[in-house]
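Visitor: Enclosed is the structure file upload.tsv (TSV, C-alpha atoms and all ligand atoms).
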chain	number	residue	atom	x	y	z
A	9	MET	CA	104.96	172.66	74.25
A	10	LEU	CA	107.29	172.23	77.19
A	11	GLU	CA	104.52	173.20	79.52
A	12	LYS	CA	102.17	170.73	77.95
A	13	ILE	CA	104.74	167.99	78.44
A	14	GLU	CA	105.24	168.91	82.06
A	15	ASP	CA	101.47	168.91	82.69
A	16	LEU	CA	101.14	165.55	81.08
A	17	ARG	CA	103.92	164.18	83.23
A	18	GLN	CA	102.05	165.18	86.34
A	19	THR	CA	98.79	163.72	85.10
A	20	LEU	CA	100.16	160.37	84.12
A	21	GLN	CA	101.94	160.00	87.45
A	22	ASN	CA	98.65	160.68	89.19
A	23	GLU	CA	96.59	158.22	87.21
A	24	ALA	CA	95.19	155.55	89.56
A	25	LEU	CA	96.37	152.23	88.12
A	26	ASP	CA	94.93	149.76	90.62
A	27	THR	CA	93.32	147.29	88.24
A	28	LEU	CA	94.55	145.56	85.10
A	29	GLU	CA	91.77	147.26	83.12
A	30	LYS	CA	93.02	150.66	84.17
A	31	VAL	CA	96.60	149.69	83.31
A	32	GLU	CA	95.45	148.74	79.82
A	33	GLU	CA	93.47	151.98	79.47
A	34	PHE	CA	96.62	153.84	80.46
A	35	ARG	CA	98.59	152.10	77.74
A	36	LEU	CA	95.99	152.92	75.10
A	37	LYS	CA	95.70	156.53	76.21
A	38	TYR	CA	99.39	157.35	76.38
A	39	LEU	CA	101.53	154.72	74.74
A	40	SER	CA	99.62	153.26	71.80
A	41	ARG	CA	100.27	154.30	68.22
A	42	LYS	CA	97.39	156.77	68.34
A	43	GLY	CA	98.00	157.74	71.98
A	44	ILE	CA	98.80	161.19	73.37
A	45	ILE	CA	102.55	160.75	73.33
A	46	SER	CA	102.62	159.61	69.71
A	47	GLN	CA	100.55	162.63	68.84
A	48	LEU	CA	103.10	164.88	70.52
A	49	PHE	CA	105.87	163.26	68.53
A	50	GLU	CA	103.82	164.07	65.40
A	51	GLN	CA	103.63	167.72	66.44
A	52	PHE	CA	107.33	167.72	67.24
A	53	LYS	CA	108.14	167.58	63.51
A	54	ASP	CA	106.81	171.10	63.03
A	55	ILE	CA	108.69	172.66	65.91
A	56	ASP	CA	111.22	175.38	65.54
A	57	ALA	CA	114.70	174.00	64.99
A	58	LYS	CA	116.07	176.01	67.91
A	59	GLU	CA	113.75	174.33	70.39
A	60	LYS	CA	114.04	170.83	69.03
A	61	ALA	CA	116.87	169.72	71.30
A	62	ILE	CA	115.16	170.69	74.57
A	63	ILE	CA	111.68	169.55	73.61
A	64	GLY	CA	112.96	166.34	72.07
A	65	LYS	CA	114.68	165.45	75.30
A	66	ALA	CA	111.61	166.24	77.39
A	67	LEU	CA	109.41	164.19	75.08
A	68	ASN	CA	111.72	161.19	75.26
A	69	GLU	CA	111.77	161.37	79.03
A	70	LEU	CA	108.00	161.58	79.15
A	71	LYS	CA	107.71	158.52	76.99
A	72	LYS	CA	110.19	156.64	79.15
A	73	GLU	CA	108.37	157.54	82.34
A	74	ALA	CA	105.01	156.49	80.95
A	75	GLN	CA	106.48	153.23	79.75
A	76	GLN	CA	108.06	152.54	83.15
A	77	ARG	CA	104.90	153.33	85.06
A	78	TRP	CA	102.90	151.04	82.81
A	79	GLU	CA	105.37	148.14	83.13
A	80	GLN	CA	105.70	148.48	86.88
A	81	GLN	CA	102.00	148.54	87.59
A	82	LYS	CA	101.33	145.67	85.24
A	83	ALA	CA	104.04	143.52	86.84
A	84	GLN	CA	102.75	144.29	90.30
A	85	LEU	CA	99.17	143.40	89.48
A	86	THR	CA	100.01	140.15	87.72
A	87	SER	CA	102.49	139.00	90.36
A	88	VAL	CA	101.46	136.11	92.63
A	89	PHE	CA	102.31	138.28	95.60
A	90	SER	CA	99.71	140.89	94.81
A	91	ILE	CA	96.78	139.05	96.30
A	92	GLN	CA	94.07	141.62	96.59
A	93	ALA	CA	92.06	141.74	99.77
A	94	PRO	CA	88.34	141.40	99.11
A	95	ARG	CA	86.57	144.66	99.59
A	96	ASP	CA	84.26	143.28	102.23
A	97	LEU	CA	86.44	141.73	104.88
A	98	THR	CA	83.47	140.17	106.66
A	99	LEU	CA	82.74	137.87	103.69
A	100	PRO	CA	83.38	134.17	104.40
A	101	GLY	CA	86.72	132.87	103.08
A	102	GLY	CA	87.02	130.79	99.94
A	103	ALA	CA	86.69	127.02	100.39
A	104	TYR	CA	89.90	125.00	100.46
A	105	ARG	CA	89.88	122.05	98.12
A	106	ARG	CA	90.21	118.80	100.05
A	107	GLY	CA	93.11	116.52	99.25
A	108	GLY	CA	92.86	112.75	99.03
A	109	ARG	CA	95.06	109.78	99.65
A	110	HIS	CA	97.34	108.35	96.97
A	111	PRO	CA	96.07	105.00	95.62
A	112	ILE	CA	99.24	103.31	96.84
A	113	SER	CA	98.64	104.59	100.37
A	114	ILE	CA	95.02	103.43	100.23
A	115	VAL	CA	95.94	99.90	99.21
A	116	GLN	CA	98.92	99.68	101.54
A	117	TRP	CA	96.72	100.77	104.41
A	118	LYS	CA	94.09	98.12	103.55
A	119	ILE	CA	96.74	95.39	103.47
A	120	LEU	CA	98.34	96.46	106.74
A	121	LYS	CA	95.01	96.81	108.52
A	122	THR	CA	94.04	93.29	107.47
A	123	PHE	CA	97.22	91.87	108.96
A	124	GLN	CA	96.92	93.96	112.09
A	125	ARG	CA	93.54	92.36	112.71
A	126	MET	CA	95.31	88.99	112.66
A	127	GLY	CA	97.82	90.13	115.27
A	128	PHE	CA	100.70	91.14	112.99
A	129	VAL	CA	102.77	94.17	113.98
A	130	ILE	CA	104.05	96.71	111.45
A	131	VAL	CA	107.84	96.97	111.17
A	132	THR	CA	110.17	98.90	108.88
A	133	GLY	CA	113.78	98.75	107.77
A	134	PRO	CA	116.22	100.90	105.80
A	135	GLU	CA	116.02	101.39	102.03
A	136	ILE	CA	119.82	101.46	101.84
A	137	GLU	CA	120.75	97.93	102.78
A	138	ASP	CA	123.84	95.75	102.98
A	139	ASP	CA	124.48	92.51	101.19
A	140	TRP	CA	123.77	90.43	104.29
A	141	HIS	CA	120.21	91.62	104.90
A	142	ASN	CA	119.20	91.81	101.25
A	143	PHE	CA	120.90	88.65	99.94
A	144	THR	CA	123.24	86.48	102.02
A	145	GLY	CA	121.10	86.25	105.16
A	146	LEU	CA	118.21	85.25	102.90
A	147	ASN	CA	120.10	82.26	101.52
A	148	PHE	CA	120.96	83.73	98.10
A	149	GLU	CA	123.82	81.88	96.37
A	150	PRO	CA	126.95	84.01	95.85
A	151	ASP	CA	126.40	84.02	92.08
A	152	HIS	CA	122.64	84.58	92.13
A	153	PRO	CA	121.61	86.82	89.16
A	154	ALA	CA	119.86	89.34	91.46
A	155	ARG	CA	123.31	90.29	92.80
A	156	ASP	CA	124.24	91.47	89.34
A	157	MET	CA	124.62	95.22	88.71
A	158	GLN	CA	122.09	94.74	85.94
A	159	ASP	CA	119.36	94.01	88.45
A	160	THR	CA	120.42	95.87	91.57
A	161	PHE	CA	121.48	99.46	92.27
A	162	PHE	CA	124.77	99.16	94.15
A	163	ILE	CA	126.06	102.12	96.13
A	164	SER	CA	129.34	100.43	97.04
A	165	GLU	CA	130.49	96.84	97.18
A	166	ASP	CA	128.45	96.19	100.31
A	167	LYS	CA	125.77	98.88	100.14
A	168	LEU	CA	122.78	98.76	97.81
A	169	LEU	CA	119.20	99.94	97.43
A	170	ARG	CA	117.12	97.06	98.75
A	171	THR	CA	115.55	95.02	95.97
A	172	HIS	CA	112.77	93.67	98.19
A	173	ALA	CA	111.24	94.32	101.61
A	174	THR	CA	112.21	90.78	102.61
A	175	SER	CA	115.44	92.33	103.95
A	176	VAL	CA	113.38	93.46	106.96
A	177	GLN	CA	112.69	89.79	107.81
A	178	VAL	CA	116.39	89.26	108.51
A	179	ARG	CA	116.60	92.42	110.60
A	180	ILE	CA	113.63	91.45	112.75
A	181	LEU	CA	114.44	87.75	113.08
A	182	GLU	CA	118.02	88.59	114.10
A	183	THR	CA	116.85	90.74	116.97
A	184	HIS	CA	113.69	89.00	118.24
A	185	GLN	CA	112.73	85.57	119.45
A	186	PRO	CA	109.53	83.77	118.32
A	187	PRO	CA	106.62	84.03	118.34
A	188	ILE	CA	106.96	86.82	115.78
A	189	ARG	CA	104.24	88.06	113.46
A	190	ALA	CA	105.13	91.12	111.41
A	191	VAL	CA	104.46	92.94	108.17
A	192	ALA	CA	107.03	95.24	106.59
A	193	PRO	CA	105.80	97.85	104.09
A	194	GLY	CA	108.19	99.94	102.04
A	195	ARG	CA	109.79	101.07	98.85
A	196	VAL	CA	112.14	98.81	96.91
A	197	TYR	CA	114.43	99.45	93.95
A	198	ARG	CA	115.42	97.52	90.84
A	199	ASN	CA	117.51	98.48	87.87
A	200	GLU	CA	114.71	98.32	85.35
A	201	ALA	CA	113.47	100.57	82.56
A	202	ILE	CA	110.44	102.71	83.34
A	203	THR	CA	107.50	101.48	81.25
A	204	ALA	CA	103.78	100.88	81.70
A	205	ARG	CA	104.58	97.55	83.36
A	206	SER	CA	107.93	98.02	85.09
A	207	HIS	CA	109.56	100.70	87.20
A	208	CYS	CA	112.88	101.23	88.94
A	209	PHE	CA	111.13	101.66	92.29
A	210	PHE	CA	107.87	100.37	93.72
A	211	ASN	CA	106.29	99.35	97.02
A	212	GLN	CA	106.02	95.99	98.68
A	213	VAL	CA	104.48	94.57	101.79
A	214	ASP	CA	106.51	91.66	103.10
A	215	GLY	CA	105.27	89.57	106.01
A	216	PHE	CA	106.20	86.57	108.13
A	217	TYR	CA	105.12	84.46	111.06
A	218	VAL	CA	107.56	82.36	113.07
A	219	ASP	CA	106.45	80.15	115.97
A	220	LYS	CA	106.28	76.51	117.02
A	221	ASP	CA	104.39	74.33	114.53
A	222	VAL	CA	103.62	76.95	111.91
A	223	SER	CA	102.46	75.10	108.82
A	224	PHE	CA	101.64	75.70	105.18
A	225	SER	CA	97.95	75.52	105.97
A	226	ASP	CA	98.40	78.50	108.34
A	227	LEU	CA	99.94	80.38	105.43
A	228	LYS	CA	97.09	79.43	103.18
A	229	THR	CA	94.40	80.51	105.63
A	230	THR	CA	96.14	83.82	106.27
A	231	LEU	CA	96.56	84.66	102.60
A	232	PHE	CA	93.06	83.59	101.62
A	233	TYR	CA	91.72	85.90	104.31
A	234	LEU	CA	93.79	88.76	102.86
A	235	VAL	CA	92.58	88.12	99.32
A	236	HIS	CA	88.95	88.04	100.43
A	237	GLN	CA	89.39	91.27	102.37
A	238	LEU	CA	90.96	93.00	99.37
A	239	PHE	CA	89.03	91.61	96.45
A	240	GLY	CA	85.82	90.16	97.92
A	241	LYS	CA	84.61	86.61	98.33
A	242	ASN	CA	83.90	85.86	94.68
A	243	VAL	CA	87.48	85.90	93.50
A	244	GLU	CA	89.12	82.58	92.73
A	245	ILE	CA	92.51	81.77	94.27
A	246	ARG	CA	95.24	79.51	92.93
A	247	LEU	CA	98.55	78.55	94.55
A	248	ARG	CA	101.30	77.58	92.13
A	249	ALA	CA	104.61	75.96	93.06
A	250	SER	CA	107.54	78.36	92.64
A	251	TYR	CA	111.07	79.04	93.85
A	252	PHE	CA	112.65	81.65	96.15
A	253	PRO	CA	116.05	81.22	97.84
A	254	PHE	CA	114.56	82.14	101.22
A	255	THR	CA	111.55	79.80	101.26
A	256	GLU	CA	111.23	76.05	100.98
A	257	ILE	CA	108.60	75.11	99.83
A	258	SER	CA	107.71	78.18	97.74
A	259	ALA	CA	104.59	79.23	95.92
A	260	GLU	CA	103.00	82.06	94.02
A	261	LEU	CA	99.43	83.09	94.58
A	262	ASP	CA	97.23	83.94	91.60
A	263	ILE	CA	93.71	85.33	91.61
A	264	SER	CA	91.16	85.15	88.81
A	265	CYS	CA	91.57	88.17	86.56
A	266	LEU	CA	89.34	91.01	87.72
A	267	ILE	CA	89.47	92.74	84.37
A	268	CYS	CA	87.96	89.94	82.26
A	269	GLY	CA	86.47	87.83	85.05
A	270	GLY	CA	88.73	84.90	84.14
A	271	LYS	CA	87.79	84.72	80.47
A	272	GLY	CA	91.22	85.83	79.27
A	273	CYS	CA	92.45	89.33	78.33
A	274	ARG	CA	95.58	91.45	77.82
A	275	VAL	CA	96.11	91.97	81.56
A	276	CYS	CA	96.11	88.24	82.40
A	277	LYS	CA	97.78	87.40	79.09
A	278	ASP	CA	94.80	85.20	78.25
A	279	THR	CA	95.39	82.90	81.21
A	280	GLY	CA	92.41	84.10	83.26
A	281	TYR	CA	94.67	84.51	86.33
A	282	VAL	CA	97.06	87.17	87.61
A	283	GLU	CA	99.86	86.65	90.11
A	284	ILE	CA	99.69	88.89	93.17
A	285	LEU	CA	102.27	87.55	95.61
A	286	GLY	CA	105.10	85.17	96.39
A	287	CYS	CA	105.14	83.07	99.54
A	288	GLY	CA	106.39	79.93	101.21
A	289	MET	CA	107.72	78.29	104.35
A	290	ILE	CA	110.81	80.16	105.60
A	291	ASP	CA	113.91	78.17	104.64
A	292	PRO	CA	115.54	76.68	107.78
A	293	ASN	CA	118.83	78.25	106.65
A	294	VAL	CA	117.30	81.70	107.02
A	295	LEU	CA	116.12	80.94	110.57
A	296	GLU	CA	119.56	79.61	111.50
A	297	ASN	CA	121.25	82.66	109.89
A	298	CYS	CA	119.21	84.73	112.33
A	299	HIS	CA	120.06	82.51	115.35
A	300	ILE	CA	116.60	80.97	115.58
A	301	SER	CA	116.51	77.21	116.04
A	302	ALA	CA	115.02	75.59	112.94
A	303	GLN	CA	114.54	72.44	115.03
A	304	LYS	CA	112.23	74.21	117.39
A	305	TYR	CA	110.56	76.75	115.14
A	306	SER	CA	109.07	77.06	111.69
A	307	GLY	CA	107.58	79.98	109.84
A	308	PHE	CA	105.84	81.20	106.76
A	309	ALA	CA	106.51	84.33	104.72
A	310	PHE	CA	105.03	86.23	101.83
A	311	GLY	CA	105.68	89.35	99.81
A	312	MET	CA	103.50	91.39	97.47
A	313	GLY	CA	103.75	94.41	95.20
A	314	VAL	CA	101.36	97.18	96.20
A	315	GLU	CA	101.27	98.84	92.75
A	316	ARG	CA	100.15	95.61	91.14
A	317	ILE	CA	97.31	95.08	93.61
A	318	ALA	CA	96.20	98.71	93.25
A	319	MET	CA	96.22	98.26	89.46
A	320	LEU	CA	93.82	95.36	89.76
A	321	LEU	CA	91.59	97.00	92.36
A	322	PHE	CA	91.28	100.33	90.57
A	323	GLN	CA	91.87	99.17	87.00
A	324	ILE	CA	94.95	101.37	86.59
A	325	PRO	CA	96.56	100.61	83.22
A	326	ASP	CA	100.03	102.16	83.59
A	327	LEU	CA	102.57	102.05	86.46
A	328	ARG	CA	103.90	105.48	85.56
A	329	LEU	CA	100.63	107.12	86.63
A	330	TYR	CA	101.55	106.53	90.28
A	331	THR	CA	104.54	108.87	90.18
A	332	GLN	CA	103.56	111.49	87.61
A	333	ASN	CA	101.52	113.50	90.14
A	334	ASP	CA	98.86	114.30	87.57
A	335	ILE	CA	96.04	115.86	89.56
A	336	ARG	CA	93.43	114.43	87.16
A	337	PHE	CA	94.59	110.93	88.10
A	338	LEU	CA	95.00	111.57	91.82
A	339	GLN	CA	91.64	113.28	92.23
A	340	GLN	CA	89.84	110.12	91.20
A	341	PHE	CA	90.77	108.54	94.55
A	342	SER	CA	89.82	111.43	96.82
A	343	ALA	CA	86.43	109.91	97.61
A	344	VAL	CA	87.73	106.42	98.50
A	345	GLN	CA	86.72	105.58	102.05
A	346	LEU	CA	89.29	103.79	104.14
B	401	LIG	N1	110.89	89.04	97.86
B	401	LIG	C1	110.09	88.52	96.79
B	401	LIG	C2	110.13	89.46	95.63
B	401	LIG	O1	110.61	90.52	95.77
B	401	LIG	C3	108.68	88.29	97.22
B	401	LIG	C4	108.57	87.25	98.29
B	401	LIG	C5	108.37	85.92	97.99
B	401	LIG	C6	108.67	87.62	99.62
B	401	LIG	C7	108.27	84.95	98.95
B	401	LIG	C8	108.56	86.66	100.63
B	401	LIG	C9	108.37	85.32	100.27
B	401	LIG	O2	108.67	86.96	101.91
B	401	LIG	O3	108.27	84.38	101.25
B	401	LIG	O4	109.64	89.16	94.57
So, in terms of structure tokens, how does the structure I just supplied come out?
Ligand code: DAH

Guide:
Amino acid sequence: MLEKIEDLRQTLQNEALDTLEKVEEFRLKYLSRKGIISQLFEQFKDIDAKEKAIIGKALNELKKEAQQRWEQQKAQLTSVFSIQAPRDLTLPGGAYRRGGRHPISIVQWKILKTFQRMGFVIVTGPEIEDDWHNFTGLNFEPDHPARDMQDTFFISEDKLLRTHATSVQVRILETHQPPIRAVAPGRVYRNEAITARSHCFFNQVDGFYVDKDVSFSDLKTTLFYLVHQLFGKNVEIRLRASYFPFTEISAELDISCLICGGKGCRVCKDTGYVEILGCGMIDPNVLENCHISAQKYSGFAFGMGVERIAMLLFQIPDLRLYTQNDIRFLQQFSAVQL
């Protein structure tokens, strides 16, 4: 019996286990309940008592070795590192799947391109801001609710995550003299719950134009051009009076709801219109805060949420889809032409 065990040991070490099928065959042949090793254990019962110790030990070792070999080969073949070379190395390689742009990038790019065509330059600023650039320079009152911890992520007393891209206006106006035409894209942060309709971070494009004799009609023409570029000529536009600390006069721009065509639905809350941006004439206090003469110059400004515009353009129902990285969602935009 000892000889038989030794022979078997040799054979099972020499078995070629280079595919998962062969590994499974190996298991069935040696290690299963009806396999060779189990059969030997059956025979072991009838062995002479004197030999039992030696043969028992040899049998146990055999079983252990077989088990180890099986586990090792199986692990190696199922590991991600065991990529098997194709047999024919002259075969063409497998095709790589093409990636696509994220819907936010697509829409942001469209917005920026439209402004570039009108002579605006693209500028950026930091996401970690100070009170001056995010609030005070923009004419926010000291007790404005946006300064509350409830609305803003504060890092220290003077450092915070910017709540809007309008902070870049202050940075650019402080360091440049008119004429200035710029758009500032970027991520902004607000202390809000993550739901289908709100998120603690999102993207804005803020923009502004400061020069001699800039008027509200310039603002209107610029924004109407943007809306037509984004949504086509058939969309209806409405400007509604509003309030922002950094603009005077201020307005919000609505477009006719693209989901229901203006008839009224859940998205437009039955009003037939959805708001897409805030805008206005830059408050003279903001210009003066940035050492630009409000006597000599005037300007307009606007700011929009990219997620919201993408939702309308692509009929995306939930803000959370943008950040969940679900390939089934992202793949739907891979064919969008810029
Ligand atoms: N900062 C505003 C917001 O976050 C949007 C905005 C409104 C920006 C009017 C502007 C503006 O530049 O003039 O909601």

Visitor: For A:Leu266, list every protein, DNA or RNA residue within 8 Å, evaluated using only C-alpha atoms, and leave out those in the same chain fewer than 2 positions away; present the list as a PyMOL selection string.

Guide: chain A and resi 243+264+268-270+320-321

Visitor: All residues within 9 Å of ligand LIG 401 (chain B) are required, counting all atoms listed in the file; please report them as a ChimeraX atom specification.

Guide: /A:171-175,177,196,212-216,251-256,258-260,285-290,308-313

Visitor: Convert the current residue selection to file output with C-alpha atoms, as an mmCIF file, in the frame of the given file.

Guide:
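result.cif written:
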data_model
loop_
_atom_site.group_PDB
_atom_site.id
_atom_site.type_symbol
_atom_site.label_atom_id
_atom_site.label_comp_id
_atom_site.auth_asym_id
_atom_site.auth_seq_id
_atom_site.Cartn_x
_atom_site.Cartn_y
_atom_site.Cartn_z
ATOM 1 C CA THR A 171 115.550 95.020 95.970
ATOM 2 C CA HIS A 172 112.770 93.670 98.190
ATOM 3 C CA ALA A 173 111.240 94.320 101.610
ATOM 4 C CA THR A 174 112.210 90.780 102.610
ATOM 5 C CA SER A 175 115.440 92.330 103.950
ATOM 6 C CA GLN A 177 112.690 89.790 107.810
ATOM 7 C CA VAL A 196 112.140 98.810 96.910
ATOM 8 C CA GLN A 212 106.020 95.990 98.680
ATOM 9 C CA VAL A 213 104.480 94.570 101.790
ATOM 10 C CA ASP A 214 106.510 91.660 103.100
ATOM 11 C CA GLY A 215 105.270 89.570 106.010
ATOM 12 C CA PHE A 216 106.200 86.570 108.130
ATOM 13 C CA TYR A 251 111.070 79.040 93.850
ATOM 14 C CA PHE A 252 112.650 81.650 96.150
ATOM 15 C CA PRO A 253 116.050 81.220 97.840
ATOM 16 C CA PHE A 254 114.560 82.140 101.220
ATOM 17 C CA THR A 255 111.550 79.800 101.260
ATOM 18 C CA GLU A 256 111.230 76.050 100.980
ATOM 19 C CA SER A 258 107.710 78.180 97.740
ATOM 20 C CA ALA A 259 104.590 79.230 95.920
ATOM 21 C CA GLU A 260 103.000 82.060 94.020
ATOM 22 C CA LEU A 285 102.270 87.550 95.610
ATOM 23 C CA GLY A 286 105.100 85.170 96.390
ATOM 24 C CA CYS A 287 105.140 83.070 99.540
ATOM 25 C CA GLY A 288 106.390 79.930 101.210
ATOM 26 C CA MET A 289 107.720 78.290 104.350
ATOM 27 C CA ILE A 290 110.810 80.160 105.600
ATOM 28 C CA PHE A 308 105.840 81.200 106.760
ATOM 29 C CA ALA A 309 106.510 84.330 104.720
ATOM 30 C CA PHE A 310 105.030 86.230 101.830
ATOM 31 C CA GLY A 311 105.680 89.350 99.810
ATOM 32 C CA MET A 312 103.500 91.390 97.470
ATOM 33 C CA GLY A 313 103.750 94.410 95.200
#

Visitor: Hey, can you check how far atom CA of A:Ile188 sits from atom CA of A:Phe123?

Guide: 12.9 Å

Visitor: Skipping near chain neighbours, those fewer than 5 positions away, what residues fall within 9 Å of A:Pro325 using all atoms listed in the file, listed as a list of chain:residue names?

Guide: A:Ala204, A:Arg205, A:Val275, A:Met319, A:Leu320

Visitor: Could you write those residues out with C-alpha atoms, as a compact mmCIF listing (two decimals), in the coordinates of the input?

Guide:
# COMPACT_ATOMS: atom_id res chain seq x y z
CA ALA A 204 103.78 100.88 81.70
CA ARG A 205 104.58 97.55 83.36
CA VAL A 275 96.11 91.97 81.56
CA MET A 319 96.22 98.26 89.46
CA LEU A 320 93.82 95.36 89.76

Visitor: Could you pull out every residue with an atom within 9 Å of (98.8, 89.0, 113.4), file coordinates, counting only C-alpha atoms, and send them as an NGL selection string?

Guide: :A and (122-129 or 188-191 or 217)

Visitor: Using all atoms listed in the file for the distances, tell me which of A:Asp26, A:Tyr38, A:Leu16, A:Ile245 is nearest to A:Tyr233.

Guide: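 Result for the nearest residue to A:Tyr233: A:Ile245.
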
Visitor: Would you mind telling me which residue in A:Thr183, A:Asn242, A:Lys37, A:Phe52 lies nearest to A:Thr19 when using all atoms listed in the file?

Guide: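 So, comparing all the options, the nearest one is A:Lys37.
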
Visitor: Report, in Å with one decimal, the straight-line distance from atom CA of A:Arg195 to atom CA of A:Glu244.

Guide: 28.4 Å

Visitor: Please supply stretch 120-132 of chain A, rebuilt with N, CA, C and O atoms, as a PDB file, in the coordinates of the input.

Guide:
ATOM      1  N   LEU A 120      97.794  96.450 105.381  1.00  0.00           N
ATOM      2  CA  LEU A 120      98.340  96.460 106.740  1.00  0.00           C
ATOM      3  C   LEU A 120      97.248  96.274 107.784  1.00  0.00           C
ATOM      4  O   LEU A 120      97.427  95.540 108.764  1.00  0.00           O
ATOM      5  N   LYS A 121      96.125  96.941 107.572  1.00  0.00           N
ATOM      6  CA  LYS A 121      95.010  96.810 108.520  1.00  0.00           C
ATOM      7  C   LYS A 121      94.555  95.348 108.637  1.00  0.00           C
ATOM      8  O   LYS A 121      94.273  94.839 109.723  1.00  0.00           O
ATOM      9  N   THR A 122      94.478  94.686 107.479  1.00  0.00           N
ATOM     10  CA  THR A 122      94.040  93.290 107.470  1.00  0.00           C
ATOM     11  C   THR A 122      94.977  92.426 108.312  1.00  0.00           C
ATOM     12  O   THR A 122      94.532  91.576 109.096  1.00  0.00           O
ATOM     13  N   PHE A 123      96.278  92.668 108.174  1.00  0.00           N
ATOM     14  CA  PHE A 123      97.220  91.870 108.960  1.00  0.00           C
ATOM     15  C   PHE A 123      97.218  92.263 110.435  1.00  0.00           C
ATOM     16  O   PHE A 123      97.400  91.416 111.315  1.00  0.00           O
ATOM     17  N   GLN A 124      97.000  93.539 110.685  1.00  0.00           N
ATOM     18  CA  GLN A 124      96.920  93.960 112.090  1.00  0.00           C
ATOM     19  C   GLN A 124      95.787  93.238 112.807  1.00  0.00           C
ATOM     20  O   GLN A 124      95.921  92.838 113.953  1.00  0.00           O
ATOM     21  N   ARG A 125      94.679  93.057 112.096  1.00  0.00           N
ATOM     22  CA  ARG A 125      93.540  92.360 112.710  1.00  0.00           C
ATOM     23  C   ARG A 125      93.891  90.919 113.064  1.00  0.00           C
ATOM     24  O   ARG A 125      93.279  90.311 113.908  1.00  0.00           O
ATOM     25  N   MET A 126      94.901  90.372 112.363  1.00  0.00           N
ATOM     26  CA  MET A 126      95.310  88.990 112.660  1.00  0.00           C
ATOM     27  C   MET A 126      96.485  88.969 113.643  1.00  0.00           C
ATOM     28  O   MET A 126      97.129  87.938 113.826  1.00  0.00           O
ATOM     29  N   GLY A 127      96.790  90.093 114.240  1.00  0.00           N
ATOM     30  CA  GLY A 127      97.820  90.130 115.270  1.00  0.00           C
ATOM     31  C   GLY A 127      99.235  90.388 114.766  1.00  0.00           C
ATOM     32  O   GLY A 127     100.202  90.235 115.513  1.00  0.00           O
ATOM     33  N   PHE A 128      99.370  90.803 113.504  1.00  0.00           N
ATOM     34  CA  PHE A 128     100.700  91.140 112.990  1.00  0.00           C
ATOM     35  C   PHE A 128     101.064  92.560 113.405  1.00  0.00           C
ATOM     36  O   PHE A 128     100.191  93.439 113.449  1.00  0.00           O
ATOM     37  N   VAL A 129     102.336  92.792 113.695  1.00  0.00           N
ATOM     38  CA  VAL A 129     102.770  94.170 113.980  1.00  0.00           C
ATOM     39  C   VAL A 129     103.427  94.732 112.716  1.00  0.00           C
ATOM     40  O   VAL A 129     103.879  93.987 111.853  1.00  0.00           O
ATOM     41  N   ILE A 130     103.456  96.067 112.623  1.00  0.00           N
ATOM     42  CA  ILE A 130     104.050  96.710 111.450  1.00  0.00           C
ATOM     43  C   ILE A 130     105.491  97.092 111.789  1.00  0.00           C
ATOM     44  O   ILE A 130     105.751  97.716 112.812  1.00  0.00           O
ATOM     45  N   VAL A 131     106.417  96.674 110.934  1.00  0.00           N
ATOM     46  CA  VAL A 131     107.840  96.970 111.170  1.00  0.00           C
ATOM     47  C   VAL A 131     108.414  97.608 109.905  1.00  0.00           C
ATOM     48  O   VAL A 131     107.873  97.438 108.817  1.00  0.00           O
ATOM     49  N   THR A 132     109.513  98.321 110.058  1.00  0.00           N
ATOM     50  CA  THR A 132     110.170  98.900 108.880  1.00  0.00           C
ATOM     51  C   THR A 132     111.671  98.695 108.959  1.00  0.00           C
ATOM     52  O   THR A 132     112.208  98.388 110.025  1.00  0.00           O
TER      53      THR A 132
END
